[in-house]
Every structure is written in C-alpha cells, then in structure tokens.
Amino acid sequence: MQTSTVILVLFALCCVSFAVGRFRSRAVGQQAGGIHLLHSLPHHYGYLSAMIAALPALLVLLVWMLLEGRFIEGRVIAGLPADVQALSESRLGLYYNQIIAYAAGGIDASTLSEPQLAAAEQYNALKSESGWLKLALVVVVAVTGSLLVLGRIKPDLRARNHVENIWTWMLFGCSFIAVLTTLGIVLSVLFEAVRFFRLIPATDFLFGLQWSPQIAIRADQVGASGSFGFIPLLVGTLLISFVAMLIAVPVGLMSAIYLSEYASKQFRAITKPILEILAGVPTVVYGFFAALTVAPFIRELGESLGLTVASESALAAGLVMGIMIIPFVMSLSDDIINAVPDSMREASLGLGATMNETIRKVLIPAALPGIVGGILLAVSRAIGETMIVVMAAGLSAKLTVNPLEAVTTITVQIVTLLVGDQEFDSPKTLAAFALGLVLFFVTLLLNVVALYVVRRYREQYE
Amino acid sequence: MSNETYKNTALIQASLKKRYAREKRFQWMGRFAVFLGFLFLFILLFDIVGKGLPAFTQQYLLIDLDLSADALDVAPDADAEALSRANYAGVIKSSLRDMFPEVKSRSDKRMLYRLVSVGAEYELRDRVMADPALVGTRQSLWLLAHSEAASYLKGQVDPNSPEAERRVKDAQITWLDQLHADERTKSGFNTQFFTAGDSREPELAGIRVALYGSFLTLAVTFLLAFPIGVCAAVYLEEFAPTNRLTDLIEININNLAAVPSIVFGLLGLAVFINFFEFPRSAPLVGGIVLALMTLPTIIITSRAAIQSVSPSIREAALGVGASKLQAVFHHVLPVAMPGILTGSIIGMAQALGETAPLLMIGMVAFIMDAPAGVTDPATVLPVQVFLWADSPERGFTEKTSAAIMVLMGFLIMMNALAIYLRKRFELK
Amino acid sequence: MQGNDDMNQMKTADAAVPEEARGLDIHAHADVSNYETTGDPLLDNPKMSARNVNVYYGEKHAIMDVSLDIGGNEVIAMIGPSGCGKSTFLRCLNRMNDTIPICRVKGDIQLDGEDIYHSRQDTVLLRARVGMVFQKPNPFPKSIYENVAYGPRIHGLAHNKIEMDEIVENSLRRASLWEEVKDVLDKPGTGLSGGQQQRLCIARAIAVSPEVILMDEPCSALDPIATARIEELIDELKERFTIAIVTHSMQQAARVSQRTAYFHLGKLIEVGQTKQIFTNPQHELTENYITGRFG
C-alpha cells in the first residue's frame with residue numbers, strides 16, 4: 001500500500017465529507033425554516049467536516065509512517081537467528097540494510113544469506129500488512145471525524161468561526177516551522193556532537209593542533225592520537241575568510257561609495273544590477289572558476305616570481321570568495337551610507353569640505369557601526385561558504401597563516417567526512433556534526449551581533 | 001583678486017592643490033573599485049563561456065565499416081536478440097585497422113581505437129537493429145569521435161607542445177590530420193548534451209538527468225516553501241499577536257536567513273535521512289532541505305509585499321462584513337501576489353544554484369537514468385557541475401562550463417522573470 | 001528706476017480688479033512670472049549681489065529672474081510662503097545647489113565683485129567664505145570639540161593644537177555656547193539640546209571665519225526660548241558677519257533683520273527696509289502675507 005494511495009483515498013473522503021456537509025446543512029437549514037437561519041453558509045459546514053476528517057487522519061498517517069520503520073525493524077530483527085542478533089549495532093544495521101535492499105528489489109539474492117532471505121520475506125509481509133492497517137486506520141479516523149461534524153450540524157453551529165480558527169492555527173503552524181527548523185538544526189548537530197564528545201574529549205577538539213581524522217578509522221586508535229584538533233581548521237577558515245575580506249571590503253565599500261556619492265543616476269542604474277550578477281552566480285560556479293582558472297594562474301604567477309605556491313592555495317580560494325562577497329558588501333554599505341542623513345553631507349559641504357573629506361571624515365565615521373555590522377555579516381558568509389573551498393582549498397589540515405599554502409576549512413572537512421558511504425557511528429562521521437555545531441554557533445553569534453549593531457545604527461538615524 | 005578681503009584666503013588656497021589632488025585620487029579609487037568588480041565579472045563569464053562553448057559541438061569521424069555477418073560475429077539471418085549482442089566494437093576496430101594498415105604494434109592499435117568514442121558501438125548497434133538490412137553491407141558511417149580526438153579537432157591541442165604533456169599523441173595527430181585531409185571529419189551541434197545522462201566518457205555525458213533531477217527537486221521545494229512561506233507571512237503580518245512567541249518566530253526567521261547552507265544539509269542528513277529514514281539521494285529530501293533554506297527568503301519578501309498593500313483594502317473588506325481571514329485571502333493576497341511571486345522566484349533561483357546541502361544528503365551519486373519519482377536517486381545540475389569539475393579528463397572541463405552556462409541561463413531567466421514581475425507591479 | 005516702473009504697473013493692475021476682491025483673491029496672483037520687484041533690491045557697494053538669477057529643478061522653474069544685493073554687515077531676512085524659492089535662492093549664494101544633480105542656476109551672483117559661478121571659482125574657498133546654518137541642527141556624530149574643529153582642520157587653518165583650541169574656544173564663545181559646554185568638549189555634539197545643537201552648528205560655521213553666514217530657517221525646529229537665544233546671537237554676530245536668514249516667522253524677520261525681501265512663487269516681489277515692509281508694504285501680495293491672509 002503506497003502512501004500516495006492512502007493520501008488519495010483520504011482526499012476523496014474529504015471531498016465526500018465536504019459535499020455531504022454542505023448538503024446536510026442545507027437540509028437542516030430548510031427544516032428549521034430556511035437556509036438563512038444557518039449561522040454560516042452551507043459550504044462552511046462542508047469545509048468544517050472536511051477539515052475535521054482530514055487533519056486528525058493526516059496526523060495519524062504521519063505518526064504511523066514515522067514509527068513504521070522502527071517497528072518493522074524490531075520485529076524482523078527479533079526473528080533473526082541469535083548469532084546475528086548478537087552482532088554489534090553497526091554490523092547488525094548493515095545486515096538489516098541488505099535485507100531491505102533485497103526486499104525493495106535493489107540487489108541480487110545471491111549476495112544474501114539464507115536467514116536474510118527469510119527475513120526479507122517477513123519484511124515484505126509486515127510492510128504490506130502495515131500498509132493495509134495504515135489505510136484502514138486513516139479511513140476510520142477520517143470517517144469518524146466527518147461523522148462527528150455531520151451529526152452536529154445545527155443552525156447554531158458556528159461553522160465559519162470554527163473553520164477560521166482552524167485556519168489561523170494552521171497559519172501559525174506554518175510560521176512556527178521556522179522555530180522548529182532552528183530547533184531541528186540545534187538538536188541534530190548537538191545530539192551527534194555530544195556523541196562525538198563522548199569519544200573525543202571536548203578539550204582535545206577545541207584546543208588540539210592536529211586534525212587528521214583518517215587515522216581514527218580503526219577503533220583502537222580512537223581518541224588516542226588526539227587527531228581531532230580543530231584549531232588548524234579554524235585558522236584555515238579564518239585565513240581564507242581574511243583573504244576574501246581583503247578583496248571584498250575595499251572593492252565593495254569603494255564601489256558603494258562611488259556609486260552612491262559620485263556616479264550619475266544613469267551610471268548607477270546600469271552598474272549596480274550588473275555588479276549584482278556576481279551575487280547571483282551559484283557558488284559551485286565560483287568553485288570551478290577558483291579551482292580551474294584562478295588557482296593555476298596564481299601558481300604560475302608565483303612560480304614566475306620565484307615563489308612556491310600550492311596548487312590549492314588559500315589565496316586562490318580566498319580571492320574568489322572575495323569576488324563572490326563584493327556585491328554583498330556593496331549593497332550593505334550602500335544601504336548604510338544612504339541611511340546617514342543628508343544633513344550631515346550638507347553640513348560638511350557647506351563648510352567647504354570636498355566630497356572625499358566629507359566621505360572620509362563625516363560619512364564613514366558616522367556609518368562605521370553599520371559598516372562594521374555589515375562586514376561581520378560578510379565574514380559569517382565567508383566562514384559558512386562551502387563550495388568554493390571544497391573545490392579550491394586543500395584537504396590536509398596545515399596550521400599556517402601563509403596564504404600561498406594549502407589550508408583546509410571547517411566546511412571542507414564537513415563535506416569530506418560526510419560525502420560517500422560512512423558508518424554513522426564512527427567518530428569520523430560524528431566529528432562532522434561537531435564541526436557543524438561550531439559552524440552554526442560561530443555564524444549565529446556573528447549574525448546576532450551584526451544584526452544588533454546594524455539595527456542600533458539604523459534606529460540612531462530614524 | 002578681491003578674495004584678499006577674506007583673511008583665510010591664503011591659507012585655504014595653499015591647501016587647495018593637495019586637497020583637490022586627493023579628491024581626484026579618491027574618485028579614481030572609486031572608479032577603480034567599480035572597474036574591478038566589472039573586471040572580475042567579465043573574467044568569470046568570459047572564462048566560462050570560452051571554456052564551455054566548444055562543448056556544444058561534437059566531432060564525428062567518417063569510418064568505412066564492414067558490416068558483414070562474419071565481422072559482426074552473427075548468423076546472416078540473425079534475429080534482434082542476436083543482433084543486440086553482435087560484436088560492434090570489433091567491427092569498428094577492424095575497420096579502423098583497415099583504414100590505417102600501417103599500424104602494427106599493440107600500443108599503436110590501442111591508440112588508434114581511442115580515436116572513436118566507446119559510445120560509437122552502441123550507436124552502431126542501434127542503427128543496425130533499426131535496419132537489419134545493413135547486415136552484410138559495407139557502410140561509411142559518421143561515428144562519434146573520442147573526446148581526446150575531438151579536442152584536437154577543435155583546435156584545443158597544440159601539436160607542437162611536448163608529447164608527454166598532452167593526451168593526444170603524435171601518432172593520433174597524424175591519423176586525425178589524414179582523416180581531416182580526406183574530409184572524413186565533421187562537427188555538429190551536440191544534441192546529446194541535452195538528451196543524455198551522466199557518463200564516464202566526456203563525449204557521451206549530458207545534463208538531461210541532472211536537469212530532470214533539478215526540476216523534481218525544485219518542484220518539491222516550491223510546493224512546500226511557497227504555501228508555507230506565504231501562510232507564515234500572512235500569519236506574522238495579519239494575525240500574530242505582539243508577544244514573546246511572535247518575537248521568537250521573527251528572530252528565528254531572521255537568523256535562519258543567515259545560517260550557512262551546509263548546516264541545512266546537516267539537518268537534512270540527521271533528521272530526514274537518519275531519523276525519519278527517508279531515502280538518500282532523493283529529490284524529496286533535497287526539496288525539503290532546500291525548502292527550509294528558502295523559507296526565510298520567501299517569508300521576508302512576502303511580508304514586505306503584504307505590508308505594502310494599502311490598509312484601505314483591508315478596511316473596505318472588513319467594512320462589508322468579511323472576516324479577517326476572508327479579507328486577507330480574497331483581497332490582500334491577490335494584490336500582494338506579484339511581490340510574493342517575485343520573492344519566491346528569487347528564492348527558487350537560490351535553491352536552483354545551491355549545492356552544499358545536497359552533497360550532505362547524498363545527491364552526489366553517479367546517475368545515468370532519469371529519476372521516475374521524488375524518492376528515486378537523482379542528481380541536480382549544480383551537483384553535476386561539481387562532479388564533472390572533479391573529473392580529470394579535459395573533456396569534462398568543457399562539459400562543466402557548458403553545464404554552468406545552462407545553469408546560469410536558467411538563473412538569468414528566473415531573475416528576468418522576477419524583475420519583469422516587479423516592474424509590472426510597480427507600474428500599477 | 002526699476003522699482004518705480006513696477007509700482008506704476010501694479011497700480012494699473014490693481015485698478016482692473018474689483019475693489020471687494022482685492023487682497024482676498026489669491027488666484028488673481030496665480031501667475032506672478034511677469035511681476036517686477038517692488039522696492040529697490042540694489043545697494044551701493046554690496047557684499048554679495050545677484051542679478052537675474054533663474055533656477056530650474058529639472059523642468060520646474062523654481063526662481064525667476066531675481067536680482068538682489070546683500071550689504072556688508074547687515075542682516076537681510078527672506079520671507080514668503082512655503083515653496084516660494086527663498087531657501088533655493090539662499091542655497092545659490094554658496095552654491096549648495098551644486099549638490100543637487102537636477103538643479104541648474106542661471107544668472108550672475110557676485111561676492112565682492114567676483115562671479116561665484118565662474119568656472120574658475122573654487123567652491124571650497126567660496127563655502128569657507130559663505131558659511132551656512134541649516135534648518136535642523138545637524139551636528140556631526142563627533143565630540144563638541146571635533147564638530148567645531150572640523151572646518152579649520154580640513155582647511156588647514158590651525159597649525160597646532162594651541163591655535164586650534166583657540167579657534168574652538170573663540171567660536172564657541174561667539175556662538176554663546178562656551179560657558180555651557182566648556183567642561184564637556186569631548187562629549188558627543190548630538191547629546192546637546194536642540195537649541196545648543198543649533199548654536200554648536202553656528203559655532204562650527206563661524207570657526208572658519210566666514211564673511212557671510214546663510215541661515216536657512218535656523219529656528220524652525222527649536223522651542224521659543226532656544227529661538228530667542230539664537231535671535232540674540234544673530235544680533236551679536238552682525239557686528240562681524242553679513243547674515244542672510246530665511247525664516248518662516250515674520251516676527252523673527254522683524255526682530256533680527258535690517259532689510260527684508262519677500263518671495264512669492266519664485267519671484268522676488270518686494271524688498272525694502274524691514275520697518276517699511278512690515279508697516280507699509282507696497283505690494284498687495286506682501287501686504288496680504290504680512291497681514292496673514294495666506295502663508
């Protein structure tokens with residue numbers, strides 16, 4: 001029984017429920033002496049019965065689907081031979097996955113053992129049983145809900161108010177998803193990170209100077225080598241972000257100043273959208289550009305100057321990241337400089353200051369908090385940027401601040417640790433979540449501070 | 001000069017030259033910054049278009065093929081089943097040997113075979129199976145060239161460079177030159193790029209499967225993010241009471257807008273794949289993750305659009321006895337819709353170009369067949385770009401650039417649509 | 001003279017209007033573009049002189065053919081209803097209109113006989129000589145000291161800290177603010193009260209020792225007590241500076257100025273001694289404005 005079928009059946013039930021509700025309310029109304037005596041219009045009664053039919057049934061369906069997998073897994077594993085059940089959790093998981101893959105028709109029977117084949121059969125039987133039960137349960141819940149409403153249709157049933165109340169709650173539910181998302185992020189990274197910190201002490205992680213998660217594959221070396229030191233990643237991330245800021249801040253800020261204070265309206269109208277194209281280019285494109293064009297160019301340039309430049313130098317990744325962030329810095333500074341009241345410009349110009357004196361000595365100092373906030377936002381972007389560094393930065397964690405060498409970043413390590421087939425319990429995989437936790441909180445902190453600074457700055461001139 | 005009545009004239013005039021020079025310098029710095037921005041954009045686009053354009057043409061070689069039953073290693077009256085298993089590769093190889101009888105050594109022969117794409121044998125099979133009468137004849141057919149041969153024919157290889165530094169060897173260049181002199185080479189538009197899935201061979205790889213995956217993923221994203229985003233915006237603008245809970249929701253939306261996309265990938269991996277056990281690599285999970293990622297954009301722009309609707313419309317609707325919900329859904333939302341759509345399209349464009357969170361949920365598999373549904377393994381265009389960019393073959397570099405051109409084409413269209421909507425909206 | 005012709009013209013125009021509508025019908029004066037200035041706008045030996053000044057904002061003709069002299073060490077008030085062009089005219093006098101891209105100024109404006117719109121005229125030097133105080137107090141978000149020191153610093157008027165301290169103190173004293181702020185010079189200027197801020201702006205303007213100070217409704221954002229202090233200050237400042245003040249308040253014009261110019265829809269309608277303008281206006285529009293029939 002496909003879930004889509006269940007949903008289709010439920011939808012059909014709702015339609016029927018709506019039609020019956022509308023029809024019945026009309027009948028009730030006429031009996032009472034005319035439809036106008038009804039509190040709400042007939043279709044409100046229809047909507048109410050359809051909603052009461054659908055919402056609990058959908059909830060039941062959702063819960064069923066979430067629990068189904070675990071329940072079936074438990075039953076199937078309980079039916080397995082004792083020696084299999086005695087396997088370690090991860091081995092057992094692997095064993096079970098093979099069963100599922102075979103049951104879904106994904107792999108050949110020849111790769112499976114006898115008990116596995118039997119289990120697969122049991123799995124399929126349970127699955128189909130569960131499907132039918134699911135359908136039956138949904139239908140029962142929906143019909144009960146619908147009948148409950150239909151039975152109560154009376155002229156004084158405030159159907160419209162009930163419908164609107166339900167709607168308002170649904171609207172609230174939609175906006176509450178934002179909170180759930182944050183919660184989901186925090187819990188998922190936190191949960192896995194805590195498991196990681198049980199294997200590796202947090203102090204080793206936070207203050208360790210060596211990062212080489214590859215060694216830790218064998219269980220006897222877990223935590224022994226202290227190879228989950230996060231400092232080199234942090235330094236690498238900051239190094240690349242710093243190079244990026246070195247490009248993005250002057251170019252973005254000066255462009256914003258030129259466009260808002262000097263350029264003609266027409267020039268600005270043409271130039272701004274063109275420069276903003278840079279913001280719309282997908283990061284994977286920048287990554288490609290960095291890896292295949294900029295990095296070789298910088299390496300050759302370095303060679304011609306007699307410098308040894310790594311082919312995955314921090315300089316190349318940072319440079320391209322800087323290009324990506326230019327429009328971001330530009331539009332933020334533009335907003336912020338424009339928020340400085342014109343009276344400041346006039347006061348300065350009225351004293352005989354030149355435009356650049358006005359900008360350097362009045363506008364920028366006045367806009368400084370806002371600009372700093374904007375730069376913090378840009379830094380947070382640079383730290384969280386993934387594709388450019390995955391494609392153009394290095395993999396090995398080197399503790400260096402030389403931009404000509406290859407460094408690795410937090411995001412690069414998250415990707416390398418998680419892409420490909422991984423056992424979910426190995427510290428290697430869990431380390432990615434610990435890095436994710438750090439990344440989330442660092443960017444969150446930067447954003448909160450930046451947004452606060454920018455808001456305070458704006459309020460000052462409102 | 002009568003300026004002398006003013007006591008500070010001399011002092012100020014003394015400073016002027018320096019100050020004006022500084023003013024000029026400052027303006028030039030501004031111009032230079034804008035110019036740098038332009039320059040970066042130009043280099044980026046020029047680099048990608050320059051690399052990508054050749055990928056839209058394909059090179060073919062005219063090969064005389066001996067399609068005798070003997071050569072094909074089938075019975076003369078072979079049925080379709082037998083024909084599908086005939087030795088087409090052998091035919092192509094022997095034909096190549098016949099055309100260049102001077103090639104003797106094994107390594108030379110291997111180089112010779114590498115002139116023609118491995119896909120050529122499947123193409124030949126399809127042709128023979130479509131027209132079994134070809135069996136027993138000799139045919140001159142245009143076969144797809146190998147990507148390395150093609151790159152020489154496109155003029156991307158400098159034959160004077162040291163042989164060790166290039167993949168096309170001297171012998172191959174001689175043969176290709178000879179074929180070219182005999183007018184046995186041609187180039188044509190690369191339709192395969194748009195109709196084929198991924199492949200290990202650059203000349204056979206296409207973006208259809210990735211496009212299809214992108215389409216499915218974006219469909220899921222839109223179906224989730226648009227209604228939820230609009231409903232959330234309606235709630236926050238029209239219904240939300242001013243209390244702590246509303247503040248909490250607003251703070252969360254603003255912060256989520258700035259959370260790195262890869263963190264959403266971690267969320268997708270931990271919650272949807274590991275906890276809810278949704279299938280890996282599927283557009284369903286990709287779509288959900290991207291929907292969560294684009295929700296803040298859609299909510300923020302939709303709120304702005306709803307805010308800009310004049311309150312008189314609400315009052316008019318409420319005044320004739322509509323409920324608040326009716327006023328919002330019947331009157332406010334339709335007026336705000338162009339603005340909401342503009343924001344949603346921009347959000348969708350963001351989602352279309354996003355790669356990192358999809359890597360987390362395993363949409364990096366090598367996939368040759370288009371997914372049939374949202375739970376089948378799929379890849380998307382930016383991930384395809386990432387995968388190809390990682391391939392060492394030179395042929396994939398141009399494919400990557402070409403895929404980027406297609407991706408950017410879609411993004412430009414979406415943004416143009418958004419700008420068009422906004423302009424029309426502003427005119428009203 | 002020009003003024004007499006104008007008077008005659010006006011009289012004939014008045015004769016054509018029915019007696020009972022006179023002074024009430026503002027619509028009779030909807031188009032003032034052909035009116036000539038009543039009274040004598042010209043002076044002997046003026047500090048600044050404007051001749052046939054026209055200002056356009058894009059298509060809009062904001063100032064029409066205005067000629068007016070400003071004498072040395074006098075306070076001239078410019079009054080008129082909103083949008084009459086008085087502020088625009090004021091801003092022409094130190095080329096502040098240059099900062100508005102769509103604004104074009106035609107005509108001839110001289111400072112000490114020198115054309116300020118000449119291509120070789122330097123706006124930096126001009127604005128140092130013709131300072132400006134704005135409608136809303138606009139101190140920089142810097143310390144009080146730095147606010148006053150800003151002008152001398154950019155123009156290089158002080159060679160050392162002692163000279164600068166002196167300039168700052170003198171300017172603040174002249175703006176009668178010194179006693180109030182001498183202990184808090186390093187506090188931000190934005191923390192002062194509105195009236196103090198405006199006096200700080202005046203101190204900032206006089207720190208570069210200008211010859212002319214333009215004041216664009218300097219008291220419109222202030223309470224009556226702060227306004228009174230600024231008016232006292234203007235009276236003191238006229239000993240050293242020439243002051244052109246745009247004001248919305250007729251009482252203020254009457255209190256602080258020696259001459260008054262009345263603007264209406266971009267035309268300079270009447271100019272004369274302040275006493276005469278307020279007691280015996282010659283032009284019907286001036287009279288209507290002064291008696292409060294519109295404004």
# chains A, B, ... in the order shown; residues from 1 in each chain; ligands from 1

$ select_by_dssp --residues "range 165-396 of chain B" --states "strand (DSSP E or B)" --output "list in words"
Thr185, Lys186, Ser187, Gly188 and Phe189 of chain B

$ write_last_selection --atoms "N, CA and C atoms" --output "mmCIF file, in the first residue's frame"
data_model
loop_
_atom_site.group_PDB
_atom_site.id
_atom_site.type_symbol
_atom_site.label_atom_id
_atom_site.label_comp_id
_atom_site.auth_asym_id
_atom_site.auth_seq_id
_atom_site.Cartn_x
_atom_site.Cartn_y
_atom_site.Cartn_z
ATOM 1 N N THR B 185 36.286 14.152 -41.410
ATOM 2 C CA THR B 185 35.891 14.672 -40.093
ATOM 3 C C THR B 185 34.821 15.725 -40.297
ATOM 4 N N LYS B 186 33.904 15.792 -39.337
ATOM 5 C CA LYS B 186 32.923 16.878 -39.362
ATOM 6 C C LYS B 186 32.514 17.189 -37.922
ATOM 7 N N SER B 187 31.967 18.385 -37.760
ATOM 8 C CA SER B 187 31.449 18.703 -36.430
ATOM 9 C C SER B 187 29.983 19.070 -36.550
ATOM 10 N N GLY B 188 29.250 18.810 -35.491
ATOM 11 C CA GLY B 188 27.822 19.099 -35.498
ATOM 12 C C GLY B 188 27.390 19.567 -34.133
ATOM 13 N N PHE B 189 26.169 20.080 -34.057
ATOM 14 C CA PHE B 189 25.654 20.546 -32.776
ATOM 15 C C PHE B 189 25.495 19.360 -31.838
#

$ residues_around --residues "Leu124 in chain B" --least-positions-apart "2" --cutoff "12 Å" --atoms "only C-alpha atoms" --output "ChimeraX atom specification"
/B:63,65-67,72,83-92,116-122,126-132,134-135,139-144

$ residues_around --residues "Val140 in chain A" --least-positions-apart "5" --cutoff "9 Å" --atoms "only C-alpha atoms" --output "PyMOL selection string"
chain A and resi 57+135+145

$ interface_residues --of "chain A" --to "chain C" --cutoff "6 Å" --atoms "only C-alpha atoms" --output "PyMOL selection string"
chain A and resi 343+350-352

$ interface_residues --of "chain B" --to "chain A" --cutoff "7 Å" --atoms "only C-alpha atoms" --output "PyMOL selection string"
chain B and resi 23+26+30-31+33-34+37-38+40-41+44+228+231-232+235+249+252-253+255+258-260+262-263+267+270-271+276+325+353-356+359-360+362+382+386+389+404

$ residues_around --residues "range 73-80 of chain C" --least-positions-apart "4" --cutoff "7 Å" --atoms "only C-alpha atoms" --output "PyMOL selection string"
chain C and resi 84+86+238-248+253+256-264

$ residues_around --residues "Val309 in chain B" --least-positions-apart "4" --cutoff "7 Å" --atoms "only C-alpha atoms" --output "list in words"
Ala305, Val332, Val335 and Ala336 of chain B

$ atom_distance --atom1 "CA of Pro241 in chain B" --atom2 "CA of Arg303 in chain B"
15.3 Å

$ closest_residue --among "C:Ile102, C:Val212, C:Ala50, C:Leu172" --to "chain B" --atoms "only C-alpha atoms"
C:Val212

$ residues_around --residues "Val163 in chain A" --least-positions-apart "3" --cutoff "12 Å" --atoms "only C-alpha atoms" --output "list in words"
Ser40, Leu41, His43, His44, Tyr45, Gly46, Tyr47, Leu48, Ser49, Ala50, Met51, Ile52, Val149, Leu157, Arg158, Ala159, Arg160, Ile166, Trp167, Thr168, Trp169 and Met170 of chain A; Ser323, Leu325 and Gln326 of chain B

$ write_last_selection --atoms "N, CA and C atoms" --output "PDB file, in the first residue's frame"
ATOM      1  N   SER A  40     -23.790  29.897   9.464  1.00  0.00           N
ATOM      2  CA  SER A  40     -22.789  30.113   8.426  1.00  0.00           C
ATOM      3  C   SER A  40     -23.334  29.638   7.092  1.00  0.00           C
ATOM      4  N   LEU A  41     -22.589  29.941   6.044  1.00  0.00           N
ATOM      5  CA  LEU A  41     -23.015  29.479   4.725  1.00  0.00           C
ATOM      6  C   LEU A  41     -22.816  27.962   4.650  1.00  0.00           C
ATOM      7  N   HIS A  43     -21.333  26.033   2.623  1.00  0.00           N
ATOM      8  CA  HIS A  43     -20.012  25.468   2.330  1.00  0.00           C
ATOM      9  C   HIS A  43     -19.073  25.555   3.537  1.00  0.00           C
ATOM     10  N   HIS A  44     -19.364  26.438   4.478  1.00  0.00           N
ATOM     11  CA  HIS A  44     -18.540  26.440   5.687  1.00  0.00           C
ATOM     12  C   HIS A  44     -18.709  25.148   6.463  1.00  0.00           C
ATOM     13  N   TYR A  45     -19.969  24.634   6.475  1.00  0.00           N
ATOM     14  CA  TYR A  45     -20.201  23.352   7.141  1.00  0.00           C
ATOM     15  C   TYR A  45     -19.448  22.246   6.404  1.00  0.00           C
ATOM     16  N   GLY A  46     -19.447  22.376   5.065  1.00  0.00           N
ATOM     17  CA  GLY A  46     -18.707  21.407   4.259  1.00  0.00           C
ATOM     18  C   GLY A  46     -17.225  21.427   4.598  1.00  0.00           C
ATOM     19  N   TYR A  47     -16.642  22.661   4.636  1.00  0.00           N
ATOM     20  CA  TYR A  47     -15.214  22.778   4.947  1.00  0.00           C
ATOM     21  C   TYR A  47     -14.906  22.219   6.325  1.00  0.00           C
ATOM     22  N   LEU A  48     -15.804  22.527   7.268  1.00  0.00           N
ATOM     23  CA  LEU A  48     -15.550  22.088   8.635  1.00  0.00           C
ATOM     24  C   LEU A  48     -15.486  20.564   8.698  1.00  0.00           C
ATOM     25  N   SER A  49     -16.456  19.911   8.051  1.00  0.00           N
ATOM     26  CA  SER A  49     -16.448  18.453   8.147  1.00  0.00           C
ATOM     27  C   SER A  49     -15.253  17.880   7.386  1.00  0.00           C
ATOM     28  N   ALA A  50     -14.875  18.514   6.265  1.00  0.00           N
ATOM     29  CA  ALA A  50     -13.711  18.023   5.529  1.00  0.00           C
ATOM     30  C   ALA A  50     -12.441  18.191   6.362  1.00  0.00           C
ATOM     31  N   MET A  51     -12.322  19.336   7.025  1.00  0.00           N
ATOM     32  CA  MET A  51     -11.115  19.591   7.821  1.00  0.00           C
ATOM     33  C   MET A  51     -11.013  18.625   8.994  1.00  0.00           C
ATOM     34  N   ILE A  52     -12.151  18.429   9.672  1.00  0.00           N
ATOM     35  CA  ILE A  52     -12.115  17.533  10.824  1.00  0.00           C
ATOM     36  C   ILE A  52     -11.854  16.097  10.373  1.00  0.00           C
ATOM     37  N   VAL A 149     -18.776  15.713  12.908  1.00  0.00           N
ATOM     38  CA  VAL A 149     -19.212  17.044  12.494  1.00  0.00           C
ATOM     39  C   VAL A 149     -20.618  16.976  11.913  1.00  0.00           C
ATOM     40  N   LEU A 157     -24.667  25.974  14.885  1.00  0.00           N
ATOM     41  CA  LEU A 157     -23.255  25.565  14.871  1.00  0.00           C
ATOM     42  C   LEU A 157     -22.457  26.651  14.146  1.00  0.00           C
ATOM     43  N   ARG A 158     -21.469  27.236  14.839  1.00  0.00           N
ATOM     44  CA  ARG A 158     -20.740  28.369  14.243  1.00  0.00           C
ATOM     45  C   ARG A 158     -19.630  27.851  13.348  1.00  0.00           C
ATOM     46  N   ALA A 159     -20.035  27.287  12.216  1.00  0.00           N
ATOM     47  CA  ALA A 159     -19.077  26.594  11.346  1.00  0.00           C
ATOM     48  C   ALA A 159     -17.991  27.531  10.844  1.00  0.00           C
ATOM     49  N   ARG A 160     -18.392  28.745  10.430  1.00  0.00           N
ATOM     50  CA  ARG A 160     -17.414  29.647   9.846  1.00  0.00           C
ATOM     51  C   ARG A 160     -16.329  29.996  10.869  1.00  0.00           C
ATOM     52  N   ILE A 166      -9.468  27.102  12.819  1.00  0.00           N
ATOM     53  CA  ILE A 166      -8.544  26.055  12.368  1.00  0.00           C
ATOM     54  C   ILE A 166      -7.527  26.647  11.400  1.00  0.00           C
ATOM     55  N   TRP A 167      -8.014  27.499  10.500  1.00  0.00           N
ATOM     56  CA  TRP A 167      -7.121  28.138   9.531  1.00  0.00           C
ATOM     57  C   TRP A 167      -6.039  28.953  10.240  1.00  0.00           C
ATOM     58  N   THR A 168      -6.462  29.736  11.219  1.00  0.00           N
ATOM     59  CA  THR A 168      -5.489  30.573  11.914  1.00  0.00           C
ATOM     60  C   THR A 168      -4.427  29.710  12.580  1.00  0.00           C
ATOM     61  N   TRP A 169      -4.867  28.594  13.157  1.00  0.00           N
ATOM     62  CA  TRP A 169      -3.891  27.696  13.772  1.00  0.00           C
ATOM     63  C   TRP A 169      -2.953  27.115  12.733  1.00  0.00           C
ATOM     64  N   MET A 170      -3.500  26.842  11.556  1.00  0.00           N
ATOM     65  CA  MET A 170      -2.631  26.300  10.506  1.00  0.00           C
ATOM     66  C   MET A 170      -1.625  27.358  10.058  1.00  0.00           C
TER      67      MET A 170
ATOM     68  N   SER B 323     -14.807  38.380   7.168  1.00  0.00           N
ATOM     69  CA  SER B 323     -13.981  38.092   8.324  1.00  0.00           C
ATOM     70  C   SER B 323     -12.551  38.485   7.981  1.00  0.00           C
ATOM     71  N   LEU B 325      -9.942  36.693   7.912  1.00  0.00           N
ATOM     72  CA  LEU B 325      -9.355  35.692   7.037  1.00  0.00           C
ATOM     73  C   LEU B 325      -9.795  35.919   5.591  1.00  0.00           C
ATOM     74  N   GLN B 326     -11.102  36.203   5.429  1.00  0.00           N
ATOM     75  CA  GLN B 326     -11.608  36.449   4.077  1.00  0.00           C
ATOM     76  C   GLN B 326     -10.985  37.707   3.499  1.00  0.00           C
TER      77      GLN B 326
END

$ select_by_dssp --residues "range 68-172 of chain B" --states "helix (DSSP H, G or I)" --output "ChimeraX atom specification"
/B:69-72,80-84,88-99,106-113,120-130,132-134,147-153,163-165,170-172

$ closest_residue --among "C:Asp223, C:Val181, C:Glu166, C:Leu285" --to "Gly194 in chain C" --atoms "only C-alpha atoms"
C:Asp223

$ atom_distance --atom1 "CA of Lys154 in chain B" --atom2 "CA of Leu61 in chain B"
12.9 Å

$ closest_residue --among "C:Gly107, C:Gly39, C:Gly85, C:Gly113" --to "chain B" --atoms "only C-alpha atoms"
C:Gly113
